[in-house]
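Q: What follows is final.txt, made up of compact mmCIF, N, CA and C atoms and all ligand atoms:
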# COMPACT_ATOMS: atom_id res chain seq x y z
N MET A 1 23.23 -55.09 46.25
CA MET A 1 22.99 -54.78 44.83
C MET A 1 24.10 -53.88 44.31
N ALA A 2 24.61 -54.21 43.13
CA ALA A 2 25.69 -53.42 42.55
C ALA A 2 25.17 -52.08 42.06
N ILE A 3 26.03 -51.08 42.15
CA ILE A 3 25.68 -49.75 41.66
C ILE A 3 25.80 -49.76 40.13
N ILE A 4 24.82 -49.17 39.47
CA ILE A 4 24.86 -49.14 38.01
C ILE A 4 25.90 -48.13 37.53
N PRO A 5 26.47 -48.35 36.34
CA PRO A 5 27.46 -47.38 35.82
C PRO A 5 26.80 -46.06 35.42
N CYS A 6 27.62 -45.00 35.31
CA CYS A 6 27.12 -43.67 34.96
C CYS A 6 26.31 -43.67 33.67
N ARG A 7 26.79 -44.43 32.71
CA ARG A 7 26.12 -44.48 31.41
C ARG A 7 24.66 -44.90 31.60
N GLN A 8 24.46 -45.88 32.44
CA GLN A 8 23.11 -46.37 32.68
C GLN A 8 22.29 -45.37 33.50
N ALA A 9 22.97 -44.72 34.43
CA ALA A 9 22.28 -43.74 35.26
C ALA A 9 21.82 -42.55 34.42
N THR A 10 22.68 -42.07 33.52
CA THR A 10 22.29 -40.93 32.69
C THR A 10 21.14 -41.33 31.76
N LEU A 11 21.17 -42.57 31.31
CA LEU A 11 20.09 -43.08 30.47
C LEU A 11 18.76 -43.04 31.23
N LEU A 12 18.81 -43.47 32.48
CA LEU A 12 17.60 -43.45 33.31
C LEU A 12 17.13 -42.02 33.56
N ILE A 13 18.09 -41.11 33.73
CA ILE A 13 17.74 -39.70 33.96
C ILE A 13 17.02 -39.13 32.74
N CYS A 14 17.50 -39.49 31.54
CA CYS A 14 16.84 -39.03 30.32
C CYS A 14 15.46 -39.66 30.18
N LYS A 15 15.38 -40.93 30.49
CA LYS A 15 14.11 -41.64 30.39
C LYS A 15 13.09 -41.03 31.34
N LYS A 16 13.57 -40.64 32.49
CA LYS A 16 12.72 -40.08 33.54
C LYS A 16 11.98 -38.83 33.05
N GLN A 17 12.58 -38.11 32.08
CA GLN A 17 11.93 -36.90 31.58
C GLN A 17 10.75 -37.25 30.67
N GLU A 18 10.76 -38.46 30.15
CA GLU A 18 9.72 -38.83 29.20
C GLU A 18 8.61 -39.64 29.82
N ARG A 19 8.97 -40.46 30.75
CA ARG A 19 7.95 -41.26 31.42
C ARG A 19 8.41 -41.58 32.83
N ALA A 20 7.47 -41.96 33.67
CA ALA A 20 7.82 -42.30 35.04
C ALA A 20 8.66 -43.58 35.03
N LEU A 21 9.67 -43.61 35.87
CA LEU A 21 10.51 -44.80 35.97
C LEU A 21 9.79 -45.87 36.79
N THR A 22 10.16 -47.10 36.56
CA THR A 22 9.61 -48.17 37.39
C THR A 22 10.28 -48.09 38.76
N LEU A 23 9.69 -48.77 39.69
CA LEU A 23 10.22 -48.76 41.06
C LEU A 23 11.67 -49.22 41.07
N ARG A 24 11.94 -50.27 40.31
CA ARG A 24 13.28 -50.84 40.22
C ARG A 24 14.27 -49.83 39.64
N GLU A 25 13.84 -49.14 38.58
CA GLU A 25 14.71 -48.13 37.95
C GLU A 25 14.98 -46.97 38.91
N ARG A 26 13.93 -46.54 39.59
CA ARG A 26 14.09 -45.44 40.54
C ARG A 26 15.07 -45.82 41.65
N PHE A 27 14.94 -47.04 42.09
CA PHE A 27 15.79 -47.54 43.16
C PHE A 27 17.25 -47.56 42.72
N LYS A 28 17.48 -48.08 41.51
CA LYS A 28 18.84 -48.15 40.96
C LYS A 28 19.44 -46.77 40.79
N LEU A 29 18.62 -45.86 40.28
CA LEU A 29 19.09 -44.49 40.03
C LEU A 29 19.43 -43.80 41.35
N ARG A 30 18.55 -44.00 42.34
CA ARG A 30 18.78 -43.35 43.63
C ARG A 30 20.07 -43.84 44.26
N ALA A 31 20.31 -45.14 44.15
CA ALA A 31 21.53 -45.71 44.72
C ALA A 31 22.76 -45.12 44.04
N HIS A 32 22.66 -44.93 42.73
CA HIS A 32 23.78 -44.37 41.99
C HIS A 32 24.01 -42.91 42.37
N LEU A 33 22.91 -42.16 42.46
CA LEU A 33 23.03 -40.73 42.76
C LEU A 33 23.65 -40.49 44.14
N LYS A 34 23.46 -41.45 45.01
CA LYS A 34 24.03 -41.32 46.35
C LYS A 34 25.55 -41.28 46.32
N VAL A 35 26.13 -41.98 45.36
CA VAL A 35 27.59 -42.06 45.31
C VAL A 35 28.21 -41.22 44.19
N CYS A 36 27.40 -40.68 43.28
CA CYS A 36 27.97 -40.02 42.11
C CYS A 36 27.52 -38.57 42.00
N GLU A 37 28.46 -37.68 42.18
CA GLU A 37 28.13 -36.27 42.14
C GLU A 37 27.87 -35.82 40.71
N PHE A 38 28.58 -36.40 39.77
CA PHE A 38 28.42 -36.03 38.36
C PHE A 38 26.98 -36.23 37.92
N CYS A 39 26.44 -37.38 38.24
CA CYS A 39 25.07 -37.69 37.81
C CYS A 39 24.04 -36.86 38.56
N ARG A 40 24.36 -36.50 39.80
CA ARG A 40 23.46 -35.60 40.54
C ARG A 40 23.36 -34.27 39.83
N ARG A 41 24.51 -33.79 39.39
CA ARG A 41 24.52 -32.51 38.67
C ARG A 41 23.81 -32.64 37.33
N PHE A 42 24.05 -33.77 36.66
CA PHE A 42 23.41 -34.02 35.38
C PHE A 42 21.89 -34.05 35.54
N LEU A 43 21.42 -34.68 36.60
CA LEU A 43 19.99 -34.75 36.87
C LEU A 43 19.41 -33.35 37.09
N ALA A 44 20.11 -32.54 37.88
CA ALA A 44 19.62 -31.19 38.17
C ALA A 44 19.53 -30.38 36.88
N GLN A 45 20.55 -30.53 36.03
CA GLN A 45 20.56 -29.80 34.76
C GLN A 45 19.43 -30.26 33.85
N THR A 46 19.30 -31.59 33.74
CA THR A 46 18.29 -32.16 32.86
C THR A 46 16.90 -31.72 33.30
N GLU A 47 16.68 -31.71 34.61
CA GLU A 47 15.35 -31.32 35.09
C GLU A 47 15.10 -29.84 34.87
N ALA A 48 16.13 -29.03 35.00
CA ALA A 48 15.98 -27.60 34.76
C ALA A 48 15.63 -27.36 33.29
N ILE A 49 16.32 -28.06 32.39
CA ILE A 49 16.05 -27.92 30.96
C ILE A 49 14.64 -28.38 30.63
N SER A 50 14.28 -29.53 31.18
CA SER A 50 12.97 -30.09 30.89
C SER A 50 11.85 -29.18 31.42
N ARG A 51 12.10 -28.54 32.57
CA ARG A 51 11.13 -27.58 33.11
C ARG A 51 11.00 -26.38 32.18
N ALA A 52 12.14 -25.89 31.69
CA ALA A 52 12.14 -24.73 30.81
C ALA A 52 11.40 -25.06 29.52
N VAL A 53 11.62 -26.25 28.98
CA VAL A 53 10.96 -26.66 27.74
C VAL A 53 9.46 -26.73 27.96
N ARG A 54 9.06 -27.32 29.11
CA ARG A 54 7.62 -27.42 29.40
C ARG A 54 6.99 -26.04 29.50
N THR A 55 7.69 -25.11 30.14
CA THR A 55 7.17 -23.75 30.28
C THR A 55 7.02 -23.10 28.92
N MET A 56 8.04 -23.33 28.05
CA MET A 56 8.02 -22.76 26.72
C MET A 56 6.84 -23.32 25.92
N VAL A 57 6.64 -24.62 25.99
CA VAL A 57 5.55 -25.26 25.26
C VAL A 57 4.22 -24.72 25.76
N ALA A 58 4.10 -24.57 27.08
CA ALA A 58 2.86 -24.05 27.65
C ALA A 58 2.62 -22.62 27.19
N ALA A 59 3.68 -21.82 27.16
CA ALA A 59 3.56 -20.42 26.73
C ALA A 59 3.16 -20.37 25.27
N GLU A 60 3.73 -21.27 24.47
CA GLU A 60 3.42 -21.29 23.05
C GLU A 60 1.97 -21.64 22.80
N SER A 61 1.45 -22.62 23.52
CA SER A 61 0.07 -23.02 23.31
C SER A 61 -0.87 -21.91 23.80
N LEU A 62 -0.42 -21.19 24.82
CA LEU A 62 -1.20 -20.06 25.30
C LEU A 62 -1.27 -18.98 24.23
N MET A 63 -0.11 -18.75 23.58
CA MET A 63 -0.06 -17.76 22.53
C MET A 63 -0.94 -18.18 21.36
N GLY A 64 -0.97 -19.48 21.07
CA GLY A 64 -1.80 -19.99 20.00
C GLY A 64 -3.27 -19.73 20.29
N GLU A 65 -3.65 -19.92 21.54
CA GLU A 65 -5.04 -19.67 21.91
C GLU A 65 -5.39 -18.20 21.79
N GLU A 66 -4.45 -17.38 22.20
CA GLU A 66 -4.65 -15.93 22.13
C GLU A 66 -4.86 -15.51 20.67
N LYS A 67 -4.08 -16.12 19.78
CA LYS A 67 -4.17 -15.80 18.36
C LYS A 67 -5.55 -16.18 17.83
N LYS A 68 -5.99 -17.39 18.24
CA LYS A 68 -7.32 -17.86 17.81
C LYS A 68 -8.40 -16.89 18.27
N ARG A 69 -8.26 -16.44 19.52
CA ARG A 69 -9.26 -15.52 20.07
C ARG A 69 -9.26 -14.21 19.30
N MET A 70 -8.07 -13.74 18.96
CA MET A 70 -7.97 -12.48 18.22
C MET A 70 -8.56 -12.62 16.83
N GLU A 71 -8.30 -13.79 16.21
CA GLU A 71 -8.83 -14.02 14.87
C GLU A 71 -10.35 -14.06 14.90
N ALA A 72 -10.89 -14.73 15.93
CA ALA A 72 -12.34 -14.82 16.07
C ALA A 72 -12.94 -13.43 16.29
N ALA A 73 -12.27 -12.64 17.10
CA ALA A 73 -12.76 -11.29 17.38
C ALA A 73 -12.73 -10.44 16.11
N LEU A 74 -11.64 -10.62 15.36
CA LEU A 74 -11.49 -9.86 14.11
C LEU A 74 -12.57 -10.26 13.12
N GLU A 75 -12.84 -11.55 13.05
CA GLU A 75 -13.85 -12.06 12.15
C GLU A 75 -15.22 -11.47 12.51
N GLY A 76 -15.51 -11.45 13.81
CA GLY A 76 -16.77 -10.88 14.29
C GLY A 76 -16.86 -9.41 13.93
N PHE A 77 -15.73 -8.74 14.03
CA PHE A 77 -15.67 -7.31 13.74
C PHE A 77 -15.93 -7.04 12.24
N MET A 78 -15.35 -7.90 11.38
CA MET A 78 -15.52 -7.74 9.95
C MET A 78 -16.97 -7.97 9.53
N LYS A 79 -17.60 -8.93 10.22
CA LYS A 79 -18.98 -9.29 9.87
C LYS A 79 -19.96 -8.19 10.28
N SER A 80 -19.64 -7.50 11.37
CA SER A 80 -20.62 -6.53 11.87
C SER A 80 -20.62 -5.24 11.04
ZN ZN B 101 27.26 -41.31 37.77
Represent the structure contained in this file as structure tokens.
A:
Amino acid sequence: MAIIPCRQATLLICKKQERALTLRERFKLRAHLKVCEFCRRFLAQTEAISRAVRTMVAAESLMGEEKKRMEAALEGFMKS
């Protein structure tokens, strides 16, 4: 099987952050990563960024919940 070009590999790496790759896609990507250091680095970077974004989103939703709790507590305080 021919190795896919970098352009296609980076595309798969980006796709991988949004949804699980198919078996075929994973296989193609893995074969490419074996021979291409650039894409290995790109994958590591992309995954680090995607992890950071997920952490940020989680922290934000946590903050949103905290705000709701504080508002509810304040409302209870005003009523009493
Ligand atoms: Zn590559």
Q: Env of Lys28 in chain A: 7 Å cut, atoms = only N, CA and C atoms, seq-sep filter 4 positions within chain, self excluded. Answer as a list in words.
A: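 Counting only N, CA and C atoms, the residues come to Ile3, Ile4, Ala9, Leu23, Arg24, His32 and Leu33 of chain A.
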Q: Give me, as a PyMOL selection string, the set of residues whose atoms come within 9 Å of any atom of ligand ZN 101 (chain B), counting only C-alpha atoms and all ligand atoms.
A: chain A and resi 4-10+32-33+35-40+42
Q: I'd like the interatomic distance between CA of Glu25 in chain A and CA of Val57 in chain A, to a tenth of an Å.
A: 27.7 Å
Q: Given the choices A:Leu62, A:Ile13, A:Leu74, A:Ala44, which gets closest to Leu29 in chain A if the distance is worked out from only C-alpha atoms?
A: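 Among the listed residues, the smallest separation from Leu29 in chain A belongs to A:Ile13.
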Q: Which is closer to Glu47 in chain A than all the others in A:Arg26, A:Arg69, A:Gln17, A:Ser61, using only N, CA and C atoms?
A: A:Gln17
Q: What's the separation between CA of Gly64 in chain A and atom N of Ala48 in chain A, in Å to one decimal place?
A: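 These atoms are spaced 25.1 Å apart.
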Q: So how many Å separate CA of Thr55 in chain A and CA of Ala73 in chain A, to one decimal?
A: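 Going from CA of Thr55 in chain A over to CA of Ala73 in chain A, I get 26.8 Å.
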Q: First collect every listed atom of range 65-73 of chain A; then fit an axis-aligned box around them, widen it by 5 Å on each side, and give centre and edge lengths in Å to one decimal, as lines of an AutoDock Vina configuration file.
A:
center_x = -8.3
center_y = -15.2
center_z = 18.5
size_x = 19.3
size_y = 19.5
size_z = 17.3
